[in-house]
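Structure file input23.csv with CSV, C-alpha atoms:
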```
chain,number,residue,atom,x,y,z
A,1,MET,CA,110.6,97.5,118.8
A,2,ILE,CA,109.1,100.6,117.1
A,3,ALA,CA,107.5,100.3,113.7
A,4,ILE,CA,107.0,103.2,111.2
A,5,ASP,CA,103.8,103.8,109.3
A,6,THR,CA,103.7,105.1,105.7
A,7,ASN,CA,102.8,108.7,106.6
A,8,ILE,CA,105.9,109.1,108.8
A,9,LEU,CA,108.0,107.7,105.9
A,10,VAL,CA,106.3,110.2,103.4
A,11,TYR,CA,106.8,113.2,105.8
A,12,ALA,CA,110.5,112.2,106.3
A,13,HIS,CA,111.0,112.0,102.6
A,14,ARG,CA,109.1,115.0,101.2
A,15,ALA,CA,111.0,118.2,102.3
A,16,GLU,CA,108.0,120.4,101.7
A,17,SER,CA,106.0,118.7,104.3
A,18,GLU,CA,105.4,120.7,107.4
A,19,TRP,CA,106.3,117.6,109.4
A,20,HIS,CA,109.5,116.8,107.4
A,21,ASP,CA,112.1,117.9,109.9
A,22,ALA,CA,110.4,116.1,112.8
A,23,ALA,CA,109.7,112.9,110.9
A,24,ASN,CA,113.2,112.8,109.4
A,25,ALA,CA,114.8,113.3,112.8
A,26,ARG,CA,112.8,110.5,114.3
A,27,ILE,CA,113.7,108.1,111.6
A,28,VAL,CA,117.4,109.1,111.7
A,29,GLU,CA,117.4,108.5,115.5
A,30,LEU,CA,116.0,105.0,114.9
A,31,ALA,CA,118.2,104.2,111.9
A,32,GLU,CA,121.4,105.3,113.7
A,33,GLY,CA,120.4,103.8,117.1
A,34,ARG,CA,121.3,100.4,118.5
A,35,ALA,CA,117.8,99.2,119.1
A,36,PRO,CA,115.9,97.3,116.5
A,37,TRP,CA,113.2,99.2,114.6
A,38,ALA,CA,110.8,98.1,111.9
A,39,ILE,CA,109.0,99.0,108.7
A,40,PRO,CA,106.2,96.8,107.5
A,41,TRP,CA,106.6,95.9,103.8
A,42,PRO,CA,103.1,97.1,103.0
A,43,CYS,CA,104.2,100.6,104.2
A,44,ILE,CA,107.2,100.5,101.9
A,45,HIS,CA,104.8,99.6,99.0
A,46,GLU,CA,102.4,102.4,100.0
A,47,PHE,CA,105.3,104.9,100.4
A,48,LEU,CA,106.4,104.2,96.8
A,49,ALA,CA,102.9,104.5,95.5
A,50,ILE,CA,102.2,107.8,97.3
A,51,VAL,CA,105.4,109.8,96.7
A,52,THR,CA,105.6,108.8,93.0
A,53,HIS,CA,101.9,109.6,92.3
A,54,PRO,CA,101.6,112.9,90.3
A,55,LYS,CA,98.1,113.5,91.6
A,56,VAL,CA,99.4,113.4,95.2
A,57,PHE,CA,102.5,115.5,94.8
A,58,ALA,CA,103.3,118.0,92.0
A,59,PRO,CA,106.0,117.3,91.2
A,60,SER,CA,106.0,113.8,92.4
A,61,THR,CA,109.2,112.1,93.5
A,62,PRO,CA,111.0,110.5,90.6
A,63,LEU,CA,110.9,106.7,90.9
A,64,ALA,CA,114.7,106.4,91.0
A,65,SER,CA,114.8,108.9,94.0
A,66,ALA,CA,112.0,107.0,95.8
A,67,ILE,CA,113.9,103.7,95.4
A,68,ASP,CA,117.1,105.4,96.6
A,69,GLN,CA,115.2,106.6,99.7
A,70,VAL,CA,114.0,103.0,100.5
A,71,ASP,CA,117.6,101.7,99.9
A,72,ALA,CA,118.9,104.3,102.3
A,73,TRP,CA,116.5,103.1,105.0
A,74,LEU,CA,117.3,99.5,104.3
A,75,GLU,CA,121.0,100.2,105.0
A,76,SER,CA,120.2,100.6,108.7
A,77,PRO,CA,121.7,97.5,110.4
A,78,THR,CA,119.0,97.6,113.0
A,79,LEU,CA,116.0,97.7,110.6
A,80,VAL,CA,113.6,94.7,110.7
A,81,LEU,CA,111.3,94.4,107.7
A,82,LEU,CA,107.9,93.0,108.7
A,83,SER,CA,106.4,90.5,106.3
A,84,GLU,CA,103.7,87.9,106.4
A,85,SER,CA,104.8,84.5,107.8
A,86,GLY,CA,104.0,81.8,110.3
A,87,ASN,CA,100.9,82.8,112.3
A,88,TYR,CA,100.1,85.9,110.1
A,89,TRP,CA,96.7,84.7,109.0
A,90,SER,CA,95.6,84.0,112.5
A,91,GLU,CA,96.7,87.5,113.6
A,92,LEU,CA,95.1,89.2,110.6
A,93,ARG,CA,91.8,87.3,111.1
A,94,THR,CA,91.7,88.2,114.8
A,95,THR,CA,92.6,91.8,114.1
A,96,ILE,CA,89.9,92.2,111.3
A,97,ARG,CA,87.2,90.5,113.4
A,98,THR,CA,88.0,92.5,116.6
A,99,ALA,CA,88.1,95.8,114.9
A,100,ARG,CA,85.3,94.9,112.4
A,101,VAL,CA,87.1,96.4,109.5
A,102,VAL,CA,86.1,96.1,105.9
A,103,GLY,CA,87.1,97.6,102.5
A,104,PRO,CA,90.2,99.9,102.5
A,105,GLN,CA,90.5,99.5,106.3
A,106,VAL,CA,91.9,96.0,105.7
A,107,HIS,CA,95.2,97.6,104.7
A,108,ASP,CA,95.5,99.2,108.1
A,109,ALA,CA,94.5,95.8,109.7
A,110,ARG,CA,97.3,94.2,107.7
A,111,VAL,CA,99.9,96.6,109.1
A,112,ALA,CA,98.5,96.2,112.6
A,113,ALA,CA,98.6,92.4,112.3
A,114,LEU,CA,102.2,92.5,111.1
A,115,CYS,CA,103.1,94.6,114.1
A,116,LEU,CA,101.4,92.3,116.5
A,117,GLN,CA,102.9,89.2,114.9
A,118,TYR,CA,106.4,90.6,115.4
A,119,GLY,CA,105.8,91.9,118.9
A,120,VAL,CA,106.1,95.6,118.0
A,121,ARG,CA,106.0,97.7,121.1
A,122,GLU,CA,104.7,100.8,119.4
A,123,LEU,CA,103.6,101.9,115.9
A,124,TRP,CA,104.5,105.4,115.0
A,125,SER,CA,101.8,106.9,112.8
A,126,ALA,CA,100.0,110.2,112.3
A,127,ASP,CA,96.9,108.1,111.2
A,128,ARG,CA,94.3,108.0,114.0
A,129,ASP,CA,92.6,105.1,112.2
A,130,PHE,CA,95.0,102.8,113.9
A,131,ASN,CA,93.3,103.5,117.2
A,132,ARG,CA,90.6,101.0,116.1
A,133,PHE,CA,93.2,98.2,117.0
A,134,PRO,CA,93.2,98.1,120.8
A,135,ARG,CA,96.0,95.5,121.0
A,136,LEU,CA,98.4,97.8,119.2
A,137,THR,CA,100.0,100.8,120.9
A,138,VAL,CA,100.1,103.7,118.4
A,139,ARG,CA,101.9,107.1,118.9
A,140,ASN,CA,102.3,110.1,116.8
A,141,PRO,CA,106.0,111.0,117.3
A,142,LEU,CA,105.5,114.3,115.5
A,143,VAL,CA,103.5,116.0,118.3
A,144,ALA,CA,104.4,116.6,121.9
A,145,ARG,CA,102.8,114.2,124.5
A,146,GLN,CA,100.3,115.6,126.8
A,147,GLY,CA,101.3,115.8,130.5
A,148,GLY,CA,105.1,115.6,130.1
A,149,ALA,CA,108.0,114.2,128.2
```

For this file, write the structure as structure tokens.
Amino acid sequence: MIAIDTNILVYAHRAESEWHDAANARIVELAEGRAPWAIPWPCIHEFLAIVTHPKVFAPSTPLASAIDQVDAWLESPTLVLLSESGNYWSELRTTIRTARVVGPQVHDARVAALCLQYGVRELWSADRDFNRFPRLTVRNPLVARQGGA
């Protein structure tokens, strides 16, 4: 299963982003495909916070439009929403200790722990900070891979 990080969601939503077309195409492929794909709940929260923030985007996305966007993603029958349950604390504790994260990096550890808890094969993100979590495979789907396909 592939999970989507906040920045890919933001790029897919904001048409003025230089990465909009590529990000939107990747999400549409997942949403219309047959394989399960995932969005961690913290990434949905962060998406809403970013796109509606007037100091991040001028003009920011109206709240109703941002909610409509999330509703559209949630309509995909193959979408799995990743939330804390079961062995989450054990996974988060291990992830934080292994990567030695503190402060704001705990948010990324939370996303990584959710992905690991659910057996996510790959997290799609443009954020290189996720590379600090060696047990999680991270790929930026917006750039071509080196050495081939």

Close residues, A:Ala72 itself excluded, 12 Å, all atoms listed in the file, min 3 positions apart in chain, as an MDAnalysis selection string: chainID A and resid 9 13 27:28 31:32 65:69 75:77 79

Which residue, A:Ser83, A:Asn131, A:Thr52, A:Ser125, has the smallest gap to A:Ala113 when you use all atoms listed in the file?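 Answer, going by the shortest atom-to-atom distance: A:Ser83.
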
Quick one: pull the distance between atom CA of A:Asn87 and atom CA of A:Tyr118, Å, one decimal. 10.0 Å

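Compared by their closest atoms to A:Leu48, and using all atoms listed in the file, the residues A:Thr6, A:Ser17, A:Thr78, A:Ser85 rank with A:Thr6 nearest.
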
Rounded to one decimal in Å, what is the spacing between atom CA of A:Ala126 and atom CA of A:Ile8?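 These two atoms are separated by 6.9 Å.
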
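For the pair atom CA of A:His53 and atom CA of A:Ile4, the interatomic distance is 20.6 Å.
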
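Residues in contact with A:Phe47 at 7 Å, where only C-alpha atoms are counted and same-chain residues fewer than 2 positions away are skipped, are listed as Thr6, Leu9, Val10, Cys43, Ile44, His45, Ala49, Ile50 and Val51 of chain A.
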
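Counting all atoms listed in the file and comparing A:Ile96, A:Val101, A:Leu82, A:Leu123, the residue that lies closest to A:Asn140 is A:Leu123.
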
For A:Glu46, which of A:Leu92, A:Ala15, A:Asp5, A:Val106 is the closest residue, counting all atoms listed in the file? A:Asp5

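Excluding A:Cys115 itself and same-chain residues fewer than 6 positions from it, the residues having an atom within 10 Å of it are Met1, Ile2, Ala3, Ile4, Ala38, Ile39, Pro40, Leu82, Ser83, Glu91, Ala109, Arg121, Glu122, Leu123, Arg135, Leu136 and Thr137 of chain A, counting all atoms listed in the file.
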
Counting all atoms listed in the file, figure out which residue out of A:Pro36, A:Pro59, A:Gly86, A:Pro54 gets nearest to A:Leu114.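 Of A:Pro36, A:Pro59, A:Gly86, A:Pro54, the one nearest A:Leu114 is A:Gly86, counting all atoms listed in the file.
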
List as a PyMOL selection string the protein and nucleic acid residues near A:Thr98, meaning an atom at most 8 Å away when all atoms listed in the file are counted, but skip any in the same chain fewer than 3 places from it. chain A and resi 94-95+133

Using all atoms listed in the file: which of A:Asp21, A:Glu29, A:Asp71, A:Glu16 has the shortest distance to A:Phe57: A:Glu16

All residues 10 Å or closer to A:Val143, all atoms listed in the file, same chain fewer than 4 positions away omitted, as a list in words: Trp19, Ala22, Ala126 and Arg139 of chain A

Starting from the incomplete input, reconstruct N, CA and C atoms of stretch 36-50 of chain A and write that as a short mmCIF file (atom, residue, chain, number, x, y, z; two decimals), in the coordinates of the input.
```cif
data_model
loop_
_atom_site.label_atom_id
_atom_site.label_comp_id
_atom_site.auth_asym_id
_atom_site.auth_seq_id
_atom_site.Cartn_x
_atom_site.Cartn_y
_atom_site.Cartn_z
N PRO A 36 116.58 97.63 117.68
CA PRO A 36 115.90 97.30 116.50
C PRO A 36 114.64 98.16 116.25
N TRP A 37 114.36 98.49 115.02
CA TRP A 37 113.20 99.20 114.60
C TRP A 37 112.65 98.56 113.37
N ALA A 38 111.42 98.88 112.97
CA ALA A 38 110.80 98.10 111.90
C ALA A 38 110.03 98.99 110.92
N ILE A 39 109.93 98.48 109.70
CA ILE A 39 109.00 99.00 108.70
C ILE A 39 108.26 97.81 108.13
N PRO A 40 106.94 97.83 108.19
CA PRO A 40 106.20 96.80 107.50
C PRO A 40 106.29 96.91 106.01
N TRP A 41 106.49 95.79 105.31
CA TRP A 41 106.60 95.90 103.80
C TRP A 41 105.41 96.58 103.20
N PRO A 42 104.17 96.39 103.66
CA PRO A 42 103.10 97.10 103.00
C PRO A 42 103.26 98.65 103.11
N CYS A 43 103.96 99.13 104.12
CA CYS A 43 104.20 100.60 104.20
C CYS A 43 105.24 101.04 103.24
N ILE A 44 106.19 100.19 102.92
CA ILE A 44 107.20 100.50 101.90
C ILE A 44 106.45 100.60 100.52
N HIS A 45 105.59 99.61 100.25
CA HIS A 45 104.80 99.60 99.00
C HIS A 45 103.99 100.89 98.89
N GLU A 46 103.29 101.20 99.97
CA GLU A 46 102.40 102.40 100.00
C GLU A 46 103.23 103.66 99.85
N PHE A 47 104.38 103.74 100.51
CA PHE A 47 105.30 104.90 100.40
C PHE A 47 105.62 105.13 98.92
N LEU A 48 106.06 104.08 98.24
CA LEU A 48 106.40 104.20 96.80
C LEU A 48 105.24 104.68 95.98
N ALA A 49 104.06 104.13 96.26
CA ALA A 49 102.90 104.50 95.50
C ALA A 49 102.49 105.97 95.72
N ILE A 50 102.63 106.45 96.95
CA ILE A 50 102.20 107.80 97.30
C ILE A 50 103.20 108.85 96.73
#
```
